[in-house]
Structure formats: C-alpha cells, structure tokens
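For reference, work-v3.txt (compact mmCIF, N, CA and C atoms):
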```txt
# COMPACT_ATOMS: atom_id res chain seq x y z
N MET A 24 -131.93 147.86 28.34
CA MET A 24 -130.67 147.72 27.63
C MET A 24 -130.91 146.94 26.34
N ASP A 25 -130.40 147.43 25.23
CA ASP A 25 -130.56 146.80 23.93
C ASP A 25 -129.18 146.43 23.41
N ILE A 26 -128.92 145.14 23.22
CA ILE A 26 -127.65 144.68 22.69
C ILE A 26 -127.91 144.12 21.30
N THR A 27 -127.10 144.55 20.33
CA THR A 27 -127.23 144.06 18.96
C THR A 27 -125.86 143.58 18.47
N ILE A 28 -125.87 142.79 17.43
CA ILE A 28 -124.62 142.33 16.83
C ILE A 28 -124.14 143.40 15.86
N SER A 29 -122.87 143.71 15.96
CA SER A 29 -122.25 144.69 15.09
C SER A 29 -121.32 144.02 14.08
N GLN A 30 -120.40 143.18 14.58
CA GLN A 30 -119.43 142.54 13.72
C GLN A 30 -119.17 141.11 14.18
N CYS A 31 -118.85 140.26 13.22
CA CYS A 31 -118.30 138.94 13.53
C CYS A 31 -117.09 138.76 12.61
N PHE A 32 -116.27 137.79 12.92
CA PHE A 32 -115.00 137.63 12.22
C PHE A 32 -114.90 136.25 11.59
N ILE A 33 -114.39 136.23 10.36
CA ILE A 33 -114.14 135.00 9.62
C ILE A 33 -112.69 135.04 9.15
N ALA A 34 -111.94 133.99 9.42
CA ALA A 34 -110.55 133.92 8.97
C ALA A 34 -110.52 133.47 7.50
N VAL A 35 -109.75 134.18 6.71
CA VAL A 35 -109.57 133.82 5.30
C VAL A 35 -108.09 133.87 4.97
N ASP A 36 -107.68 133.04 4.02
CA ASP A 36 -106.27 133.03 3.63
C ASP A 36 -106.01 133.72 2.30
N ASP A 37 -107.06 134.11 1.60
CA ASP A 37 -106.93 134.84 0.34
C ASP A 37 -108.08 135.85 0.26
N HIS A 38 -107.77 137.10 0.56
CA HIS A 38 -108.83 138.12 0.62
C HIS A 38 -109.50 138.35 -0.73
N ASP A 39 -108.75 138.28 -1.81
CA ASP A 39 -109.36 138.51 -3.12
C ASP A 39 -110.37 137.41 -3.46
N GLN A 40 -110.01 136.16 -3.17
CA GLN A 40 -110.96 135.05 -3.36
C GLN A 40 -112.17 135.23 -2.46
N ALA A 41 -111.93 135.62 -1.22
CA ALA A 41 -113.03 135.80 -0.26
C ALA A 41 -113.96 136.91 -0.71
N ILE A 42 -113.40 138.02 -1.18
CA ILE A 42 -114.23 139.13 -1.66
C ILE A 42 -115.11 138.65 -2.82
N ALA A 43 -114.52 137.95 -3.77
CA ALA A 43 -115.29 137.46 -4.91
C ALA A 43 -116.44 136.57 -4.45
N PHE A 44 -116.19 135.70 -3.47
CA PHE A 44 -117.24 134.81 -2.99
C PHE A 44 -118.32 135.57 -2.22
N TYR A 45 -117.93 136.33 -1.23
CA TYR A 45 -118.92 137.01 -0.38
C TYR A 45 -119.68 138.10 -1.14
N ARG A 46 -119.01 138.77 -2.06
CA ARG A 46 -119.68 139.83 -2.85
C ARG A 46 -120.48 139.22 -4.00
N ASP A 47 -119.84 138.39 -4.80
CA ASP A 47 -120.47 137.93 -6.03
C ASP A 47 -121.43 136.75 -5.81
N ALA A 48 -121.05 135.78 -5.00
CA ALA A 48 -121.91 134.62 -4.79
C ALA A 48 -123.00 134.89 -3.75
N LEU A 49 -122.64 135.61 -2.67
CA LEU A 49 -123.62 135.86 -1.60
C LEU A 49 -124.35 137.19 -1.75
N GLY A 50 -123.81 138.11 -2.52
CA GLY A 50 -124.47 139.40 -2.71
C GLY A 50 -124.20 140.41 -1.59
N LEU A 51 -123.17 140.18 -0.78
CA LEU A 51 -122.83 141.15 0.26
C LEU A 51 -122.04 142.29 -0.34
N GLU A 52 -122.11 143.45 0.32
CA GLU A 52 -121.36 144.60 -0.17
C GLU A 52 -120.04 144.70 0.57
N VAL A 53 -119.01 145.14 -0.13
CA VAL A 53 -117.71 145.39 0.49
C VAL A 53 -117.77 146.78 1.10
N ARG A 54 -117.51 146.86 2.38
CA ARG A 54 -117.63 148.13 3.11
C ARG A 54 -116.30 148.76 3.46
N ASN A 55 -115.28 147.95 3.61
CA ASN A 55 -113.99 148.47 4.01
C ASN A 55 -112.91 147.48 3.60
N ASP A 56 -111.74 148.00 3.24
CA ASP A 56 -110.60 147.16 2.88
C ASP A 56 -109.38 147.86 3.44
N VAL A 57 -108.81 147.30 4.52
CA VAL A 57 -107.76 147.98 5.27
C VAL A 57 -106.51 147.12 5.35
N GLY A 58 -105.36 147.75 5.11
CA GLY A 58 -104.08 147.10 5.33
C GLY A 58 -103.42 147.71 6.55
N PHE A 59 -102.79 146.85 7.38
CA PHE A 59 -102.13 147.34 8.59
C PHE A 59 -101.03 146.36 8.98
N GLU A 60 -99.83 146.83 9.10
CA GLU A 60 -98.68 146.03 9.52
C GLU A 60 -98.58 144.71 8.74
N GLY A 61 -98.71 144.80 7.44
CA GLY A 61 -98.57 143.63 6.59
C GLY A 61 -99.77 142.71 6.57
N MET A 62 -100.85 143.09 7.24
CA MET A 62 -102.07 142.28 7.25
C MET A 62 -103.18 143.05 6.55
N ARG A 63 -104.27 142.36 6.27
CA ARG A 63 -105.40 142.97 5.56
C ARG A 63 -106.70 142.51 6.19
N TRP A 64 -107.62 143.44 6.35
CA TRP A 64 -108.97 143.15 6.82
C TRP A 64 -109.94 143.71 5.81
N VAL A 65 -110.95 142.94 5.45
CA VAL A 65 -111.99 143.38 4.54
C VAL A 65 -113.32 143.19 5.27
N THR A 66 -114.14 144.23 5.25
CA THR A 66 -115.45 144.16 5.91
C THR A 66 -116.53 144.07 4.84
N VAL A 67 -117.42 143.09 4.99
CA VAL A 67 -118.55 142.90 4.08
C VAL A 67 -119.83 142.83 4.90
N GLY A 68 -120.95 143.06 4.25
CA GLY A 68 -122.21 142.94 4.96
C GLY A 68 -123.39 143.00 4.01
N PRO A 69 -124.54 142.58 4.49
CA PRO A 69 -125.74 142.63 3.66
C PRO A 69 -126.23 144.06 3.50
N PRO A 70 -126.58 144.45 2.27
CA PRO A 70 -127.08 145.82 2.06
C PRO A 70 -128.28 146.16 2.95
N SER A 71 -129.10 145.16 3.29
CA SER A 71 -130.29 145.41 4.11
C SER A 71 -129.98 145.54 5.59
N GLN A 72 -128.72 145.29 6.00
CA GLN A 72 -128.32 145.40 7.40
C GLN A 72 -127.04 146.22 7.51
N PRO A 73 -127.15 147.53 7.37
CA PRO A 73 -125.93 148.36 7.39
C PRO A 73 -125.18 148.34 8.72
N GLY A 74 -125.82 147.94 9.79
CA GLY A 74 -125.16 147.91 11.09
C GLY A 74 -124.52 146.57 11.43
N VAL A 75 -124.58 145.59 10.52
CA VAL A 75 -124.00 144.28 10.77
C VAL A 75 -122.93 144.01 9.72
N SER A 76 -121.74 143.65 10.19
CA SER A 76 -120.63 143.40 9.27
C SER A 76 -119.92 142.10 9.60
N ILE A 77 -119.36 141.50 8.57
CA ILE A 77 -118.46 140.35 8.72
C ILE A 77 -117.08 140.85 8.34
N VAL A 78 -116.13 140.66 9.25
CA VAL A 78 -114.76 141.07 8.99
C VAL A 78 -113.99 139.84 8.51
N LEU A 79 -113.47 139.92 7.30
CA LEU A 79 -112.65 138.85 6.73
C LEU A 79 -111.21 139.17 7.11
N GLU A 80 -110.68 138.39 8.05
CA GLU A 80 -109.39 138.70 8.64
C GLU A 80 -108.38 137.59 8.37
N PRO A 81 -107.09 137.90 8.56
CA PRO A 81 -106.08 136.84 8.42
C PRO A 81 -106.33 135.74 9.46
N PRO A 82 -105.87 134.52 9.19
CA PRO A 82 -106.11 133.42 10.12
C PRO A 82 -105.60 133.69 11.54
N LEU A 83 -104.56 134.41 11.67
CA LEU A 83 -104.06 134.75 13.00
C LEU A 83 -103.70 136.23 12.95
N ALA A 84 -104.65 137.07 13.29
CA ALA A 84 -104.49 138.52 13.17
C ALA A 84 -103.74 139.09 14.38
N ASP A 85 -102.53 138.60 14.57
CA ASP A 85 -101.69 139.06 15.67
C ASP A 85 -100.25 139.12 15.15
N PRO A 86 -99.72 140.32 14.99
CA PRO A 86 -98.36 140.43 14.43
C PRO A 86 -97.30 139.79 15.32
N ASN A 87 -97.61 139.51 16.57
CA ASN A 87 -96.63 138.91 17.48
C ASN A 87 -96.78 137.40 17.61
N ALA A 88 -97.64 136.79 16.82
CA ALA A 88 -97.85 135.34 16.90
C ALA A 88 -96.59 134.60 16.47
N SER A 89 -96.35 133.50 17.13
CA SER A 89 -95.17 132.69 16.81
C SER A 89 -95.39 131.94 15.50
N PRO A 90 -94.31 131.52 14.85
CA PRO A 90 -94.46 130.70 13.64
C PRO A 90 -95.24 129.41 13.91
N GLU A 91 -95.07 128.84 15.10
CA GLU A 91 -95.79 127.62 15.45
C GLU A 91 -97.30 127.88 15.52
N ASP A 92 -97.68 129.00 16.13
CA ASP A 92 -99.10 129.35 16.21
C ASP A 92 -99.68 129.61 14.83
N ARG A 93 -98.92 130.29 13.97
CA ARG A 93 -99.39 130.55 12.60
C ARG A 93 -99.60 129.23 11.85
N GLN A 94 -98.68 128.28 12.04
CA GLN A 94 -98.80 126.98 11.39
C GLN A 94 -100.03 126.23 11.91
N ALA A 95 -100.24 126.27 13.22
CA ALA A 95 -101.41 125.59 13.81
C ALA A 95 -102.71 126.17 13.26
N MET A 96 -102.80 127.49 13.15
CA MET A 96 -104.01 128.12 12.60
C MET A 96 -104.20 127.74 11.14
N ALA A 97 -103.11 127.71 10.36
CA ALA A 97 -103.21 127.34 8.95
C ALA A 97 -103.73 125.91 8.82
N GLU A 98 -103.28 125.02 9.70
CA GLU A 98 -103.73 123.63 9.65
C GLU A 98 -105.20 123.50 10.03
N LEU A 99 -105.64 124.24 11.05
CA LEU A 99 -107.05 124.22 11.43
C LEU A 99 -107.92 124.77 10.31
N MET A 100 -107.46 125.86 9.68
CA MET A 100 -108.23 126.44 8.57
C MET A 100 -108.35 125.45 7.42
N ALA A 101 -107.26 124.76 7.11
CA ALA A 101 -107.27 123.80 6.00
C ALA A 101 -108.28 122.67 6.26
N LYS A 102 -108.53 122.35 7.53
CA LYS A 102 -109.49 121.32 7.89
C LYS A 102 -110.92 121.86 7.99
N GLY A 103 -111.09 123.18 7.84
CA GLY A 103 -112.41 123.78 7.97
C GLY A 103 -112.90 123.82 9.41
N MET A 104 -111.98 123.95 10.35
CA MET A 104 -112.34 123.87 11.76
C MET A 104 -112.33 125.21 12.49
N LEU A 105 -112.34 126.30 11.75
CA LEU A 105 -112.37 127.60 12.42
C LEU A 105 -113.81 128.09 12.51
N ARG A 106 -114.05 129.31 12.19
CA ARG A 106 -115.35 129.93 12.40
C ARG A 106 -116.38 129.56 11.34
N GLY A 107 -117.61 129.92 11.62
CA GLY A 107 -118.68 129.74 10.67
C GLY A 107 -119.75 130.78 10.93
N VAL A 108 -120.66 130.92 9.98
CA VAL A 108 -121.74 131.90 10.10
C VAL A 108 -123.03 131.22 9.66
N ILE A 109 -124.11 131.53 10.35
CA ILE A 109 -125.44 131.09 9.92
C ILE A 109 -126.19 132.32 9.43
N PHE A 110 -126.60 132.27 8.18
CA PHE A 110 -127.36 133.36 7.57
C PHE A 110 -128.84 133.00 7.56
N ALA A 111 -129.70 133.99 7.65
CA ALA A 111 -131.14 133.80 7.48
C ALA A 111 -131.48 134.12 6.04
N THR A 112 -132.42 133.38 5.47
CA THR A 112 -132.88 133.63 4.12
C THR A 112 -134.39 133.39 4.06
N ASP A 113 -135.06 134.07 3.15
CA ASP A 113 -136.49 133.84 3.01
C ASP A 113 -136.78 132.76 1.97
N ASP A 114 -135.74 132.27 1.26
CA ASP A 114 -135.92 131.22 0.26
C ASP A 114 -134.65 130.38 0.20
N CYS A 115 -134.60 129.34 0.99
CA CYS A 115 -133.42 128.48 1.08
C CYS A 115 -133.06 127.86 -0.27
N ASP A 116 -134.07 127.41 -1.00
CA ASP A 116 -133.80 126.75 -2.27
C ASP A 116 -133.21 127.71 -3.30
N ALA A 117 -133.73 128.92 -3.38
CA ALA A 117 -133.18 129.91 -4.31
C ALA A 117 -131.77 130.32 -3.89
N THR A 118 -131.55 130.46 -2.60
CA THR A 118 -130.21 130.79 -2.09
C THR A 118 -129.24 129.68 -2.47
N PHE A 119 -129.66 128.44 -2.27
CA PHE A 119 -128.82 127.30 -2.62
C PHE A 119 -128.47 127.33 -4.11
N GLU A 120 -129.46 127.55 -4.96
CA GLU A 120 -129.22 127.57 -6.41
C GLU A 120 -128.24 128.67 -6.79
N ARG A 121 -128.41 129.85 -6.20
CA ARG A 121 -127.52 130.98 -6.52
C ARG A 121 -126.08 130.68 -6.14
N ILE A 122 -125.88 130.19 -4.92
CA ILE A 122 -124.52 129.96 -4.44
C ILE A 122 -123.87 128.77 -5.15
N SER A 123 -124.62 127.71 -5.37
CA SER A 123 -124.03 126.57 -6.07
C SER A 123 -123.73 126.92 -7.53
N ALA A 124 -124.58 127.73 -8.16
CA ALA A 124 -124.32 128.17 -9.54
C ALA A 124 -123.07 129.05 -9.62
N ALA A 125 -122.76 129.75 -8.52
CA ALA A 125 -121.56 130.60 -8.48
C ALA A 125 -120.31 129.79 -8.11
N GLY A 126 -120.46 128.48 -7.93
CA GLY A 126 -119.31 127.63 -7.65
C GLY A 126 -119.07 127.35 -6.18
N GLY A 127 -120.03 127.68 -5.30
CA GLY A 127 -119.86 127.40 -3.88
C GLY A 127 -119.72 125.91 -3.61
N GLU A 128 -118.85 125.55 -2.67
CA GLU A 128 -118.65 124.15 -2.30
C GLU A 128 -119.81 123.68 -1.44
N VAL A 129 -120.64 122.82 -1.97
CA VAL A 129 -121.84 122.34 -1.29
C VAL A 129 -121.48 121.31 -0.22
N LEU A 130 -121.97 121.54 0.98
CA LEU A 130 -121.85 120.56 2.06
C LEU A 130 -123.17 119.85 2.31
N GLN A 131 -124.27 120.60 2.12
CA GLN A 131 -125.59 120.01 2.34
C GLN A 131 -126.60 120.71 1.45
N GLU A 132 -127.34 119.94 0.69
CA GLU A 132 -128.42 120.50 -0.12
C GLU A 132 -129.57 120.89 0.81
N PRO A 133 -130.51 121.71 0.33
CA PRO A 133 -131.62 122.14 1.19
C PRO A 133 -132.40 120.95 1.74
N MET A 134 -132.69 121.03 3.04
CA MET A 134 -133.50 120.00 3.68
C MET A 134 -134.20 120.58 4.90
N ASP A 135 -135.37 120.01 5.19
CA ASP A 135 -136.12 120.43 6.38
C ASP A 135 -135.48 119.78 7.61
N GLN A 136 -135.26 120.57 8.64
CA GLN A 136 -134.65 120.09 9.88
C GLN A 136 -135.72 119.94 10.95
N PRO A 137 -135.55 119.02 11.88
CA PRO A 137 -136.55 118.81 12.93
C PRO A 137 -136.65 119.98 13.91
N TYR A 138 -135.71 120.90 13.87
CA TYR A 138 -135.74 122.05 14.78
C TYR A 138 -136.35 123.29 14.13
N GLY A 139 -137.11 123.11 13.04
CA GLY A 139 -137.94 124.18 12.52
C GLY A 139 -137.39 125.06 11.43
N VAL A 140 -136.33 124.62 10.74
CA VAL A 140 -135.82 125.40 9.63
C VAL A 140 -135.58 124.49 8.43
N ARG A 141 -135.57 125.09 7.26
CA ARG A 141 -135.07 124.45 6.05
C ARG A 141 -133.71 125.09 5.84
N ASP A 142 -132.67 124.28 5.67
CA ASP A 142 -131.35 124.88 5.54
C ASP A 142 -130.49 124.13 4.55
N CYS A 143 -129.39 124.79 4.19
CA CYS A 143 -128.37 124.22 3.33
C CYS A 143 -127.02 124.72 3.85
N ALA A 144 -125.94 124.11 3.38
CA ALA A 144 -124.63 124.49 3.89
C ALA A 144 -123.58 124.46 2.80
N PHE A 145 -122.63 125.38 2.92
CA PHE A 145 -121.51 125.52 1.99
C PHE A 145 -120.23 125.76 2.78
N ARG A 146 -119.11 125.64 2.09
CA ARG A 146 -117.83 126.12 2.60
C ARG A 146 -117.43 127.30 1.73
N ASP A 147 -116.86 128.32 2.37
CA ASP A 147 -116.32 129.43 1.59
C ASP A 147 -114.95 129.01 1.05
N PRO A 148 -114.29 129.84 0.24
CA PRO A 148 -113.00 129.44 -0.33
C PRO A 148 -111.93 129.11 0.70
N ALA A 149 -112.04 129.63 1.93
CA ALA A 149 -111.07 129.33 2.98
C ALA A 149 -111.46 128.10 3.80
N GLY A 150 -112.63 127.52 3.54
CA GLY A 150 -113.05 126.33 4.25
C GLY A 150 -114.02 126.58 5.40
N ASN A 151 -114.43 127.83 5.62
CA ASN A 151 -115.36 128.15 6.70
C ASN A 151 -116.77 127.64 6.38
N LEU A 152 -117.45 127.16 7.41
CA LEU A 152 -118.82 126.66 7.27
C LEU A 152 -119.80 127.83 7.21
N LEU A 153 -120.67 127.81 6.21
CA LEU A 153 -121.74 128.79 6.07
C LEU A 153 -123.05 128.04 5.91
N ARG A 154 -124.00 128.33 6.79
CA ARG A 154 -125.33 127.71 6.72
C ARG A 154 -126.34 128.81 6.38
N PHE A 155 -127.40 128.41 5.67
CA PHE A 155 -128.46 129.34 5.27
C PHE A 155 -129.78 128.75 5.71
N ASN A 156 -130.45 129.42 6.67
CA ASN A 156 -131.67 128.92 7.29
C ASN A 156 -132.90 129.71 6.85
N GLN A 157 -133.97 128.98 6.58
CA GLN A 157 -135.28 129.55 6.31
C GLN A 157 -136.25 128.95 7.33
N PRO A 158 -136.93 129.78 8.11
CA PRO A 158 -137.90 129.22 9.07
C PRO A 158 -139.01 128.46 8.34
N LEU A 159 -139.37 127.31 8.90
CA LEU A 159 -140.51 126.55 8.37
C LEU A 159 -141.79 127.13 8.95
N ASN A 160 -142.79 127.28 8.13
CA ASN A 160 -144.06 127.82 8.62
C ASN A 160 -145.04 126.74 8.92
```
Represent the supplied structure as structure tokens.
Amino acid sequence: MDITISQCFIAVDDHDQAIAFYRDALGLEVRNDVGFEGMRWVTVGPPSQPGVSIVLEPPLADPNASPEDRQAMAELMAKGMLRGVIFATDDCDATFERISAAGGEVLQEPMDQPYGVRDCAFRDPAGNLLRFNQPLN
C-alpha cells in the first residue's frame, strides 16, 4: 500500500493577498480558484509536485457555522494559532532572501537546528506559520 499526500489546508482571510504571497513570494502555481455558497477556495502548489496542493480556504469553511464559531476562528487566526506548513528547500538561505525581499513577515532567520536541518520561518498574510527546511549534510 502506498499512501501519499494530496492536499493540505490553510485558512486565509483574504484570498487575493494569499494568492500574491503564495504565487509571487513562494513561487507556487495557482491551480484552481472556486467560489461556492459565498465562499472561495484557491488551490496552489509547487510546479515540481503536480500531485500535491495547498488549499487556501476560508477560516471556517462551513456555511452552517454559528456567528460565535466564526468569531472564535477569526480570533485564533489573528493570533497565528491555526495551521502551518513545513516546506523543504535545497537552499534555506536563498529561500529566506527571496521571501523576505518579497515582504514576508520574518519569524526566524536561517539557523542550524540540532535535529538536522537548517531552517527559517515566516508568517503568511493571514498569520499562518510557514517553515522552510534544508537537510544538513
């Protein structure tokens, strides 16, 4: 049996800002942009991995959610406490320079970690944590 990752989900509160960040700063391609029942989902992914996608979804993608639940999700998102993604890169320092030059919010500059990677961290425009790991040789 072979199990692979197909999609993961990131909550965003402004799809146009998210598209600009994930496409322009990270270099991901926009694969799909769908509206449904007043909500919007945008799928992005790395050109080198056509079978892996990140779905940029509303913070609470449930049309039946209560106003209280929507408020709670908005508050968690504002604190940066929702989802995150760890990306692999072959050059952490170059990745850091590209994203910071594009205006990415820096959380951690590149550094060697005791668990065998060099990594850096950013927040996307919605506050989600994004880490970029390069294996140490």
As lines of an AutoDock Vina configuration file: centre and edge lengths in Å, one decimal, of the axis-aligned box holding range 47-57 of chain A with 5 Å per side:
```
center_x = -115.5
center_y = 141.7
center_z = -0.3
size_x = 28.0
size_y = 24.1
size_z = 21.4
```
Discussion item. Nearest residue to Leu83 in chain A out of A:Glu52, A:Asp36, A:Glu120, A:Glu132, using only C-alpha atoms?
Written reply: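 For Leu83 in chain A, the nearest of the given residues is A:Asp36.
Using all atoms listed in the file, the residues found no farther than 8 Å from Gly127 in chain A, other than those of its own chain fewer than 5 positions away, are Phe44, Ala48, Arg121, Ile122, Ala144, Phe145, Arg146, Asp147 and Pro148 of chain A.
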Item to complete: May I have all residues of chain A that DSSP, computed from the backbone, assigns to strand (DSSP E), given as a ChimeraX atom specification?
Response: /A:30-34,52-59,62-68,76-80,107-111,128-135,140-146,152-158
Discussion item. Please report the interatomic distance between atom N of Asp37 in chain A and atom N of Val57 in chain A in Å with one decimal.
Written reply: 13.6 Å
Discussion item. When you look at range 84-99 of chain A with a cut-off of 8 Å (counting all atoms listed in the file), what residues show up, excluding the ones that are within fewer than 5 positions of it in the same chain? I need them as a PyMOL selection string.
Written reply: chain A and resi 34+60+62-63+104-106
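The neighbours of Gly68 in chain A here are the residues that come within 9 Å of it, using only C-alpha atoms and leaving out any residue fewer than 6 positions away in the same chain; they are A:Tyr45, A:Arg46, A:Gly50, A:Leu51, A:Glu52, A:Val53, A:Arg54, A:Gly74, A:Val75, A:Ser76, A:Ile77, A:Val78.
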Worksheet item: Which parts of range 36-67 of chain A does DSSP call helix (DSSP H, G or I) when run on the backbone here, written out as a list in words?
Response: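 Of range 36-67 of chain A, the ones in helix (DSSP H, G or I) are His38, Asp39, Gln40, Ala41, Ile42, Ala43, Phe44, Tyr45, Arg46, Asp47 and Ala48 of chain A.
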